[in-house]
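So the structure is just underneath, and the comments pick up after that.
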Amino acid sequence: MPEQKTIERARKDAREGKAPSTQAGEFVREEMDHIREGKHGARSPRQAIAIGLSKARRAGVKLKPPAKGKASPETRSKAQRDYAKGQSATKSKPSAKRSRSVEAALKRESHSAASHSSLSRHSKQAAQARRRRGA
């Protein structure tokens, strides 16, 4: 569950007319903070970002799922599910057993995914991939 201050910051960004990706950035930042403070870990910076985007979509940020061909079918379907969950008026309570097991799995992961060096490496690789695709 995202912290209240993160949701407030994202809502403020929305009121100011900022892009959904900027609003979602607040959730990604929160995720990096959680990893750095030892709440849990992540396998890679990409996984940490994915967790943040998922939380953003579920919190109601109008961040569209990736287009066909941009991400794997599994990622797209998960993003579509998260988006639908966040946009629906009724909020169902998450499974306590699943939450515990996911948390336990993330606790076993490394905390280096949110280090400055690994984030820098990831952003450089992502930029390089964008240049190769010609986007």
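Every chain in the structure tokens takes a letter, A first, then B, and so on in the order presented; its residues are numbered from 1, and the ligands are numbered from 1 following the presented order.
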Next item on the list: For stretch 93-105 of chain A, list every protein, DNA or RNA residue within 10 Å, evaluated using only C-alpha atoms, and leave out those in the same chain fewer than 2 positions away; present the list as a VMD selection string.
Entry: chain A and resid 1 39 to 42 90 to 91 107 to 109
Would you give me, as a Markdown table, each residue of stretch 75-132 of chain A having an atom within 12 Å of an atom of stretch 27-35 of chain A, along with its shortest atom pair and that distance in Å to one decimal, using only C-alpha atoms and sorting by chain and residue number?
```
| residue | atom | partner | partner_atom | distance |
| --- | --- | --- | --- | --- |
| A:Glu103 | CA | A:Ile35 | CA | 11.8 |
| A:Leu106 | CA | A:Ile35 | CA | 9.5 |
| A:Lys107 | CA | A:Ile35 | CA | 9.3 |
| A:Arg108 | CA | A:Ile35 | CA | 11.6 |
| A:Glu109 | CA | A:Ile35 | CA | 9.7 |
| A:Ser110 | CA | A:Ile35 | CA | 8.8 |
| A:His111 | CA | A:Ile35 | CA | 5.8 |
| A:Ser112 | CA | A:Ile35 | CA | 8.2 |
| A:Ala113 | CA | A:Ile35 | CA | 7.7 |
| A:Ala114 | CA | A:Met32 | CA | 5.5 |
| A:Ser115 | CA | A:Met32 | CA | 8.6 |
| A:His116 | CA | A:Met32 | CA | 10.2 |
| A:Ser118 | CA | A:Met32 | CA | 11.6 |
| A:Leu119 | CA | A:Met32 | CA | 9.7 |
```
Checklist line | Atom-to-atom span, atom CA of A:Arg11 and atom CA of A:Ala56, Å | finding: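 Rounded to one decimal, the two atoms are 10.9 Å apart.
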Check: Any idea what's packed within 7 Å of stretch 60-69 of chain A, counting only C-alpha atoms, ignoring anything in its chain fewer than 3 positions away? Could you give it as a ChimeraX atom specification?
Finding: /A:20-21,23-24,56-57,76,79-80,86-87
Mind writing the picked residues with all heavy atoms as a PDB file, in the first residue's frame?
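Dumped to again-v2.pdb:
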```pdb
ATOM      1  N   PRO A  20       0.877  11.780 -16.644  1.00  0.00           N
ATOM      2  CA  PRO A  20       0.720  10.607 -15.778  1.00  0.00           C
ATOM      3  C   PRO A  20       2.049   9.959 -15.401  1.00  0.00           C
ATOM      4  O   PRO A  20       2.211   9.471 -14.282  1.00  0.00           O
ATOM      5  CB  PRO A  20      -0.123   9.653 -16.620  1.00  0.00           C
ATOM      6  CG  PRO A  20      -0.878  10.526 -17.545  1.00  0.00           C
ATOM      7  CD  PRO A  20       0.031  11.687 -17.833  1.00  0.00           C
ATOM      8  N   SER A  21       3.034   9.988 -16.315  1.00  0.00           N
ATOM      9  CA  SER A  21       4.333   9.387 -16.002  1.00  0.00           C
ATOM     10  C   SER A  21       5.034  10.159 -14.880  1.00  0.00           C
ATOM     11  O   SER A  21       5.739   9.566 -14.057  1.00  0.00           O
ATOM     12  CB  SER A  21       5.222   9.326 -17.240  1.00  0.00           C
ATOM     13  OG  SER A  21       5.414  10.611 -17.766  1.00  0.00           O
ATOM     14  N   GLN A  23       3.387  11.775 -12.470  1.00  0.00           N
ATOM     15  CA  GLN A  23       2.645  11.390 -11.271  1.00  0.00           C
ATOM     16  C   GLN A  23       3.130  10.025 -10.774  1.00  0.00           C
ATOM     17  O   GLN A  23       3.331   9.816  -9.579  1.00  0.00           O
ATOM     18  CB  GLN A  23       1.152  11.324 -11.572  1.00  0.00           C
ATOM     19  CG  GLN A  23       0.541  12.647 -12.007  1.00  0.00           C
ATOM     20  CD  GLN A  23      -0.831  12.470 -12.604  1.00  0.00           C
ATOM     21  OE1 GLN A  23      -1.609  11.654 -12.142  1.00  0.00           O
ATOM     22  NE2 GLN A  23      -1.134  13.225 -13.651  1.00  0.00           N
ATOM     23  N   ALA A  24       3.333   9.099 -11.713  1.00  0.00           N
ATOM     24  CA  ALA A  24       3.780   7.748 -11.357  1.00  0.00           C
ATOM     25  C   ALA A  24       5.192   7.762 -10.792  1.00  0.00           C
ATOM     26  O   ALA A  24       5.558   6.897  -9.993  1.00  0.00           O
ATOM     27  CB  ALA A  24       3.711   6.845 -12.570  1.00  0.00           C
ATOM     28  N   ALA A  56       1.281   2.795  -8.762  1.00  0.00           N
ATOM     29  CA  ALA A  56       0.700   4.027  -9.287  1.00  0.00           C
ATOM     30  C   ALA A  56      -0.617   3.731 -10.004  1.00  0.00           C
ATOM     31  O   ALA A  56      -1.626   4.412  -9.782  1.00  0.00           O
ATOM     32  CB  ALA A  56       1.670   4.709 -10.236  1.00  0.00           C
ATOM     33  N   ARG A  57      -0.596   2.721 -10.867  1.00  0.00           N
ATOM     34  CA  ARG A  57      -1.814   2.365 -11.611  1.00  0.00           C
ATOM     35  C   ARG A  57      -2.925   1.959 -10.651  1.00  0.00           C
ATOM     36  O   ARG A  57      -4.080   2.336 -10.837  1.00  0.00           O
ATOM     37  CB  ARG A  57      -1.523   1.219 -12.585  1.00  0.00           C
ATOM     38  CG  ARG A  57      -0.713   1.662 -13.783  1.00  0.00           C
ATOM     39  CD  ARG A  57      -0.613   0.578 -14.844  1.00  0.00           C
ATOM     40  NE  ARG A  57       0.135   1.055 -15.985  1.00  0.00           N
ATOM     41  CZ  ARG A  57       1.393   0.706 -16.259  1.00  0.00           C
ATOM     42  NH1 ARG A  57       2.033  -0.145 -15.481  1.00  0.00           N
ATOM     43  NH2 ARG A  57       1.999   1.203 -17.319  1.00  0.00           N
ATOM     44  N   ARG A  76       2.048  -6.591 -20.147  1.00  0.00           N
ATOM     45  CA  ARG A  76       0.916  -5.807 -20.614  1.00  0.00           C
ATOM     46  C   ARG A  76      -0.363  -6.195 -19.888  1.00  0.00           C
ATOM     47  O   ARG A  76      -1.138  -5.336 -19.462  1.00  0.00           O
ATOM     48  CB  ARG A  76       0.723  -5.998 -22.126  1.00  0.00           C
ATOM     49  CG  ARG A  76       1.705  -5.210 -22.954  1.00  0.00           C
ATOM     50  CD  ARG A  76       1.371  -5.253 -24.427  1.00  0.00           C
ATOM     51  NE  ARG A  76       0.142  -4.545 -24.674  1.00  0.00           N
ATOM     52  CZ  ARG A  76      -0.903  -5.046 -25.351  1.00  0.00           C
ATOM     53  NH1 ARG A  76      -0.866  -6.258 -25.832  1.00  0.00           N
ATOM     54  NH2 ARG A  76      -1.981  -4.323 -25.535  1.00  0.00           N
ATOM     55  N   ALA A  79      -0.317  -4.933 -16.355  1.00  0.00           N
ATOM     56  CA  ALA A  79      -0.515  -3.477 -16.351  1.00  0.00           C
ATOM     57  C   ALA A  79      -1.981  -3.144 -16.614  1.00  0.00           C
ATOM     58  O   ALA A  79      -2.537  -2.236 -15.989  1.00  0.00           O
ATOM     59  CB  ALA A  79       0.377  -2.818 -17.377  1.00  0.00           C
ATOM     60  N   GLN A  80      -2.617  -3.882 -17.535  1.00  0.00           N
ATOM     61  CA  GLN A  80      -4.038  -3.653 -17.829  1.00  0.00           C
ATOM     62  C   GLN A  80      -4.894  -3.952 -16.599  1.00  0.00           C
ATOM     63  O   GLN A  80      -5.827  -3.218 -16.280  1.00  0.00           O
ATOM     64  CB  GLN A  80      -4.485  -4.517 -19.011  1.00  0.00           C
ATOM     65  CG  GLN A  80      -3.974  -4.008 -20.329  1.00  0.00           C
ATOM     66  CD  GLN A  80      -4.159  -4.997 -21.467  1.00  0.00           C
ATOM     67  OE1 GLN A  80      -4.304  -6.201 -21.249  1.00  0.00           O
ATOM     68  NE2 GLN A  80      -4.128  -4.497 -22.691  1.00  0.00           N
ATOM     69  N   GLY A  86      -7.300   0.332 -10.592  1.00  0.00           N
ATOM     70  CA  GLY A  86      -7.169   1.706 -10.113  1.00  0.00           C
ATOM     71  C   GLY A  86      -8.278   2.617 -10.602  1.00  0.00           C
ATOM     72  O   GLY A  86      -8.623   3.587  -9.934  1.00  0.00           O
ATOM     73  N   GLN A  87      -8.835   2.326 -11.781  1.00  0.00           N
ATOM     74  CA  GLN A  87      -9.872   3.188 -12.350  1.00  0.00           C
ATOM     75  C   GLN A  87     -11.275   2.827 -11.869  1.00  0.00           C
ATOM     76  O   GLN A  87     -12.192   3.617 -11.996  1.00  0.00           O
ATOM     77  CB  GLN A  87      -9.832   3.133 -13.886  1.00  0.00           C
ATOM     78  CG  GLN A  87      -8.537   3.637 -14.493  1.00  0.00           C
ATOM     79  CD  GLN A  87      -8.151   5.027 -14.042  1.00  0.00           C
ATOM     80  OE1 GLN A  87      -8.942   5.958 -14.115  1.00  0.00           O
ATOM     81  NE2 GLN A  87      -6.925   5.184 -13.564  1.00  0.00           N
TER      82      GLN A  87
END
```
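Distance check against A:Ser120 using only C-alpha atoms: of A:Arg46, A:Thr75, A:Ala84, A:Thr6, the minimum falls on A:Arg46.
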Next item on the list: Would you kindly return, as a list of chain:residue names, each protein, DNA or RNA residue with an atom no farther than 7 Å from any atom of A:Arg58, considering only C-alpha atoms and excluding same-chain residues fewer than 4 positions away?
Entry: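 After dropping sequence-adjacent residues, the list is A:Ser54, A:Asp82, A:Tyr83, A:Lys85, A:Gly86.
For the choices A:Gly17, A:Lys5, A:Ala48, A:Glu26, the atom-to-atom distance to A:His122 is smallest for A:Ala48 when using only C-alpha atoms.
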Next item on the list: Could you check how far atom CA of A:Pro73 sits from atom CA of A:Ala50, in Å to one decimal?
Entry: 14.6 Å
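Minimum distance to A:Gln4 across A:Ser88, A:Ala59, A:Gln125, A:Gly25 (counting only C-alpha atoms) occurs at A:Ala59.
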